[in-house]
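This report concerns only the one structure given below.
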Amino acid sequence: MKVFVTGATGFIGTAVVQELLGAGHKVLGLARSEESAKKLIEAGAEVHQGDLTDFERLKSGANAADAVIHLGFVHDFGRFEEMCELDRDVIGAIGDALVGTDKPFLITSGTALFSKDGITTEKDRNVHHPHPRIATENAADDQVAKGVRVAVIRLSPSVHGEGDQIGFVPLFIKIAKEKGVSSVIGDGNNRWPAVHRLDAAGLYRLALEKPFENGTRYHAVSEEGIELKTVAAEIADRLNIPFTSLNSQEAGQHFSWFTHFAELDNPTSSEWTRNALGWNPVHPTLLEDLKGSYYFSELR
């Protein structure tokens, strides 16, 4: 099938594009610059000029394809709430073009929205969550109500692998470098789920190819939860800096806006996803990636 992909030249998007092309699909990638267009052409994809603020171009891209994968998101944390609202409107615009077509529409969300006591599963919903990013999940449900064939893929907080520059791990490493210590909050037993970008890409393809019930949630989680103290200790060892524990007041000063993520405890299951799709992650774990060379390269 021909798949319209937003975010096609991003960290995860490039892996998804290659996964789709390798499986014999065609890709129509959204490109907002000549550089992005060149990357898509070199990858073997077709180019659809436009950006996430141009709703008419988004609709025409959806009309020109047999399916849509929405991976694009504007990572402007200074206007985060506004960008979450934009994502809601993007999903609405694409959904408008898909009404009555039965074309599959895969929307990207995150497991961290459903952090709770116990294990997060694909059945969890929290439409009244105070975090602005819940707008994506609610927008997906709005499309289901319109009859659009929607599935949501919730990514792990850590999607890791070569090319990771704005994810949780590089941010955690950057803070450790700047502060001269690698720190956790309290005992550091809080857990981050993780998935390698190539395993995540495989999940998107499987979700696209297999029938699903409207509104289905899939979890791109290969590791249910890695204790943050394990991650921080490895960073301390690789950077040859101290490993410390912070109280809540110290944490705010140390991590600033990243404090929420540094204290996130989000153990998440993907058992249902694996069984439903036959998805079997095979690429390196987060710790294996940290023990490699990429995250600590002098070129970063």
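Residue numbering restarts at 1 for every chain of the structure tokens, chains are lettered A, B, ... in their displayed order, and ligands are numbered from 1 as they appear.
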Practice problem: Please identify all polymer residues within 12 Å of His75 (chain A), counting only C-alpha atoms, omitting same-chain residues fewer than 3 positions from it, and present them as a list in words. | Solution: Gly7, Gly10, Leu52, Leu71, Gly72, Gly78, Arg79, Phe80, Glu81, Glu82, Met83, Cys84, Leu86, Asp87, Arg133, Ile166 and Gly167 of chain A
Exercise. For region 46-49 of chain A, please output as a ChimeraX atom specification all residues within 8 Å (counting only C-alpha atoms; exclusion window: fewer than 2 positions along the same chain).
Key: /A:26-33,37,40-41,44,51,57,61
Go ahead and save the residues from that selection, with C-alpha atoms, as a PDB file, in the first residue's frame.
ATOM      1  CA  LYS A  26       5.335   2.858  -1.001  1.00  0.00           C
ATOM      2  CA  VAL A  27       5.871   5.938   1.137  1.00  0.00           C
ATOM      3  CA  LEU A  28       4.671   9.501   0.614  1.00  0.00           C
ATOM      4  CA  GLY A  29       6.600  11.547   3.164  1.00  0.00           C
ATOM      5  CA  LEU A  30       5.679  15.023   4.405  1.00  0.00           C
ATOM      6  CA  ALA A  31       8.609  17.420   3.873  1.00  0.00           C
ATOM      7  CA  ARG A  32       8.750  21.028   5.030  1.00  0.00           C
ATOM      8  CA  SER A  33      12.202  21.791   3.599  1.00  0.00           C
ATOM      9  CA  ALA A  37      12.744  16.311   0.613  1.00  0.00           C
ATOM     10  CA  LEU A  40      13.118  11.209   1.423  1.00  0.00           C
ATOM     11  CA  ILE A  41      14.164  10.906  -2.225  1.00  0.00           C
ATOM     12  CA  GLY A  44      13.353   5.851  -1.974  1.00  0.00           C
ATOM     13  CA  ASP A  51       4.177  21.082   7.174  1.00  0.00           C
ATOM     14  CA  ARG A  57      -1.646  19.793   2.405  1.00  0.00           C
ATOM     15  CA  GLY A  61      -1.476  13.773   1.437  1.00  0.00           C
TER      16      GLY A  61
END
Where does region 113-182 of chain A meet region 203-222 of chain A within 8 Å, residue by residue, with the nearest atom pair and distance in Å to one decimal for each, counting only C-alpha atoms, listed by chain and rising number, as JSON lines?
{"residue": "A:Thr121", "atom": "CA", "partner": "A:His219", "partner_atom": "CA", "distance": 7.9}
{"residue": "A:Glu122", "atom": "CA", "partner": "A:Arg217", "partner_atom": "CA", "distance": 5.4}
{"residue": "A:Lys123", "atom": "CA", "partner": "A:Arg217", "partner_atom": "CA", "distance": 7.3}
{"residue": "A:Ala140", "atom": "CA", "partner": "A:Gly215", "partner_atom": "CA", "distance": 7.3}
{"residue": "A:Asp141", "atom": "CA", "partner": "A:Gly215", "partner_atom": "CA", "distance": 6.5}
{"residue": "A:Val144", "atom": "CA", "partner": "A:Gly215", "partner_atom": "CA", "distance": 6.1}
{"residue": "A:Val148", "atom": "CA", "partner": "A:Asn214", "partner_atom": "CA", "distance": 7.5}
{"residue": "A:Arg149", "atom": "CA", "partner": "A:Asn214", "partner_atom": "CA", "distance": 5.3}
{"residue": "A:Val150", "atom": "CA", "partner": "A:Asn214", "partner_atom": "CA", "distance": 5.2}
{"residue": "A:Ala151", "atom": "CA", "partner": "A:Thr216", "partner_atom": "CA", "distance": 4.8}
{"residue": "A:Val152", "atom": "CA", "partner": "A:Arg217", "partner_atom": "CA", "distance": 4.8}
{"residue": "A:Ile153", "atom": "CA", "partner": "A:Tyr218", "partner_atom": "CA", "distance": 4.8}
{"residue": "A:Arg154", "atom": "CA", "partner": "A:His219", "partner_atom": "CA", "distance": 5.0}
{"residue": "A:Leu155", "atom": "CA", "partner": "A:Ala220", "partner_atom": "CA", "distance": 5.0}
{"residue": "A:Ser156", "atom": "CA", "partner": "A:Val221", "partner_atom": "CA", "distance": 5.7}
Self-check item: DSSP-assigned helix (DSSP H, G or I) among region 76-278 of chain A, expressed as JSON, numbers by chain
Solution: {"A": [77, 78, 79, 80, 81, 82, 83, 84, 85, 86, 87, 88, 89, 90, 91, 92, 93, 94, 95, 96, 97, 98, 111, 112, 113, 114, 134, 135, 136, 137, 138, 139, 140, 141, 142, 143, 144, 145, 168, 169, 170, 171, 172, 173, 174, 175, 176, 177, 178, 179, 197, 198, 199, 200, 201, 202, 203, 204, 205, 206, 207, 208, 209, 228, 229, 230, 231, 232, 233, 234, 235, 236, 237, 238, 239, 248, 249, 250, 251, 252, 253, 254, 255, 256, 257, 258, 259, 260, 261, 262, 271, 272, 273, 274, 275, 276, 277]}
What does the file look like for those residues with C-alpha atoms, as an mmCIF file, in the first residue's frame?
data_model
loop_
_atom_site.group_PDB
_atom_site.id
_atom_site.type_symbol
_atom_site.label_atom_id
_atom_site.label_comp_id
_atom_site.auth_asym_id
_atom_site.auth_seq_id
_atom_site.Cartn_x
_atom_site.Cartn_y
_atom_site.Cartn_z
ATOM 1 C CA PHE A 77 8.882 22.952 24.749
ATOM 2 C CA GLY A 78 8.577 26.706 25.242
ATOM 3 C CA ARG A 79 5.131 26.428 23.637
ATOM 4 C CA PHE A 80 4.390 22.846 24.602
ATOM 5 C CA GLU A 81 0.692 23.207 25.359
ATOM 6 C CA GLU A 82 0.176 25.050 22.082
ATOM 7 C CA MET A 83 2.004 22.292 20.191
ATOM 8 C CA CYS A 84 -0.198 19.657 21.825
ATOM 9 C CA GLU A 85 -3.257 21.562 20.655
ATOM 10 C CA LEU A 86 -1.732 21.747 17.180
ATOM 11 C CA ASP A 87 -1.327 17.966 17.229
ATOM 12 C CA ARG A 88 -5.020 17.637 18.083
ATOM 13 C CA ASP A 89 -5.917 19.839 15.109
ATOM 14 C CA VAL A 90 -3.540 17.961 12.779
ATOM 15 C CA ILE A 91 -5.209 14.680 13.716
ATOM 16 C CA GLY A 92 -8.607 16.277 13.140
ATOM 17 C CA ALA A 93 -7.636 17.556 9.687
ATOM 18 C CA ILE A 94 -6.240 14.210 8.552
ATOM 19 C CA GLY A 95 -9.261 12.472 10.038
ATOM 20 C CA ASP A 96 -11.595 14.692 8.028
ATOM 21 C CA ALA A 97 -9.940 13.436 4.851
ATOM 22 C CA LEU A 98 -10.300 9.801 5.921
ATOM 23 C CA THR A 111 2.868 5.370 27.606
ATOM 24 C CA ALA A 112 4.045 8.007 30.108
ATOM 25 C CA LEU A 113 0.615 9.650 30.058
ATOM 26 C CA PHE A 114 -0.781 6.658 31.907
ATOM 27 C CA ILE A 134 -3.526 13.879 26.428
ATOM 28 C CA ALA A 135 -4.972 15.974 23.584
ATOM 29 C CA THR A 136 -3.516 13.422 21.160
ATOM 30 C CA GLU A 137 -5.322 10.471 22.740
ATOM 31 C CA ASN A 138 -8.574 12.416 22.927
ATOM 32 C CA ALA A 139 -8.229 13.511 19.299
ATOM 33 C CA ALA A 140 -7.776 9.885 18.293
ATOM 34 C CA ASP A 141 -11.011 8.973 20.068
ATOM 35 C CA ASP A 142 -12.752 11.861 18.302
ATOM 36 C CA GLN A 143 -11.795 10.302 14.970
ATOM 37 C CA VAL A 144 -13.079 6.905 16.078
ATOM 38 C CA ALA A 145 -16.406 8.564 16.854
ATOM 39 C CA PHE A 168 15.116 11.178 27.382
ATOM 40 C CA VAL A 169 18.520 9.489 27.392
ATOM 41 C CA PRO A 170 20.525 12.223 25.632
ATOM 42 C CA LEU A 171 18.799 14.847 27.790
ATOM 43 C CA PHE A 172 19.680 12.880 30.921
ATOM 44 C CA ILE A 173 23.293 12.609 29.762
ATOM 45 C CA LYS A 174 23.430 16.309 28.875
ATOM 46 C CA ILE A 175 22.284 17.295 32.370
ATOM 47 C CA ALA A 176 24.859 14.968 33.949
ATOM 48 C CA LYS A 177 27.618 16.512 31.835
ATOM 49 C CA GLU A 178 26.552 20.051 32.681
ATOM 50 C CA LYS A 179 26.222 19.388 36.422
ATOM 51 C CA ARG A 197 13.768 2.677 17.293
ATOM 52 C CA LEU A 198 14.057 -0.223 14.822
ATOM 53 C CA ASP A 199 11.771 -2.414 16.919
ATOM 54 C CA ALA A 200 9.302 0.471 17.145
ATOM 55 C CA ALA A 201 9.407 0.803 13.352
ATOM 56 C CA GLY A 202 8.549 -2.864 12.986
ATOM 57 C CA LEU A 203 5.539 -2.389 15.235
ATOM 58 C CA TYR A 204 4.193 0.444 13.065
ATOM 59 C CA ARG A 205 4.415 -1.783 9.989
ATOM 60 C CA LEU A 206 2.696 -4.714 11.685
ATOM 61 C CA ALA A 207 -0.067 -2.469 13.026
ATOM 62 C CA LEU A 208 -0.616 -1.151 9.516
ATOM 63 C CA GLU A 209 -0.722 -4.565 7.878
ATOM 64 C CA LEU A 228 16.558 4.950 36.584
ATOM 65 C CA LYS A 229 19.377 4.298 39.040
ATOM 66 C CA THR A 230 20.708 1.691 36.584
ATOM 67 C CA VAL A 231 20.716 4.247 33.775
ATOM 68 C CA ALA A 232 22.249 6.974 35.950
ATOM 69 C CA ALA A 233 24.954 4.656 37.286
ATOM 70 C CA GLU A 234 25.980 3.673 33.763
ATOM 71 C CA ILE A 235 26.132 7.343 32.756
ATOM 72 C CA ALA A 236 28.273 8.130 35.805
ATOM 73 C CA ASP A 237 30.637 5.311 34.934
ATOM 74 C CA ARG A 238 30.929 6.293 31.272
ATOM 75 C CA LEU A 239 31.469 9.992 32.054
ATOM 76 C CA SER A 248 12.863 16.683 45.996
ATOM 77 C CA GLN A 249 14.156 20.228 46.564
ATOM 78 C CA GLU A 250 17.589 19.409 45.143
ATOM 79 C CA ALA A 251 15.967 17.633 42.218
ATOM 80 C CA GLY A 252 14.136 20.761 41.067
ATOM 81 C CA GLN A 253 17.371 22.735 41.051
ATOM 82 C CA HIS A 254 19.312 19.962 39.318
ATOM 83 C CA PHE A 255 16.835 18.821 36.665
ATOM 84 C CA SER A 256 14.704 21.971 36.198
ATOM 85 C CA TRP A 257 11.893 21.258 33.666
ATOM 86 C CA PHE A 258 13.144 17.655 33.291
ATOM 87 C CA THR A 259 12.258 16.833 36.919
ATOM 88 C CA HIS A 260 8.908 15.309 35.940
ATOM 89 C CA PHE A 261 10.655 12.816 33.681
ATOM 90 C CA ALA A 262 13.473 12.111 36.144
ATOM 91 C CA GLU A 271 2.038 -8.400 26.253
ATOM 92 C CA TRP A 272 -1.259 -7.768 24.478
ATOM 93 C CA THR A 273 0.506 -5.926 21.633
ATOM 94 C CA ARG A 274 2.984 -8.748 21.129
ATOM 95 C CA ASN A 275 0.232 -11.349 21.023
ATOM 96 C CA ALA A 276 -2.032 -9.303 18.751
ATOM 97 C CA LEU A 277 0.635 -8.428 16.207
#
Quiz prompt | Counting only C-alpha atoms, the option among A:Glu223, A:Val17, A:Ala45, A:Asp66 closest to Lys2 (chain A) | solution =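 For Lys2 (chain A), the nearest of the given residues is A:Asp66.
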Quiz prompt | Point-to-point distance from CA of Glu56 (chain A) to CA of His131 (chain A), Å rounded to tenths | solution =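 Computing the Euclidean distance for CA of Glu56 (chain A) and CA of His131 (chain A) yields 28.3 Å.
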Exercise. Work out how far apart CA of Leu58 (chain A) and CA of Ala23 (chain A) are and give it in Å to one decimal.
Key: 24.3 Å
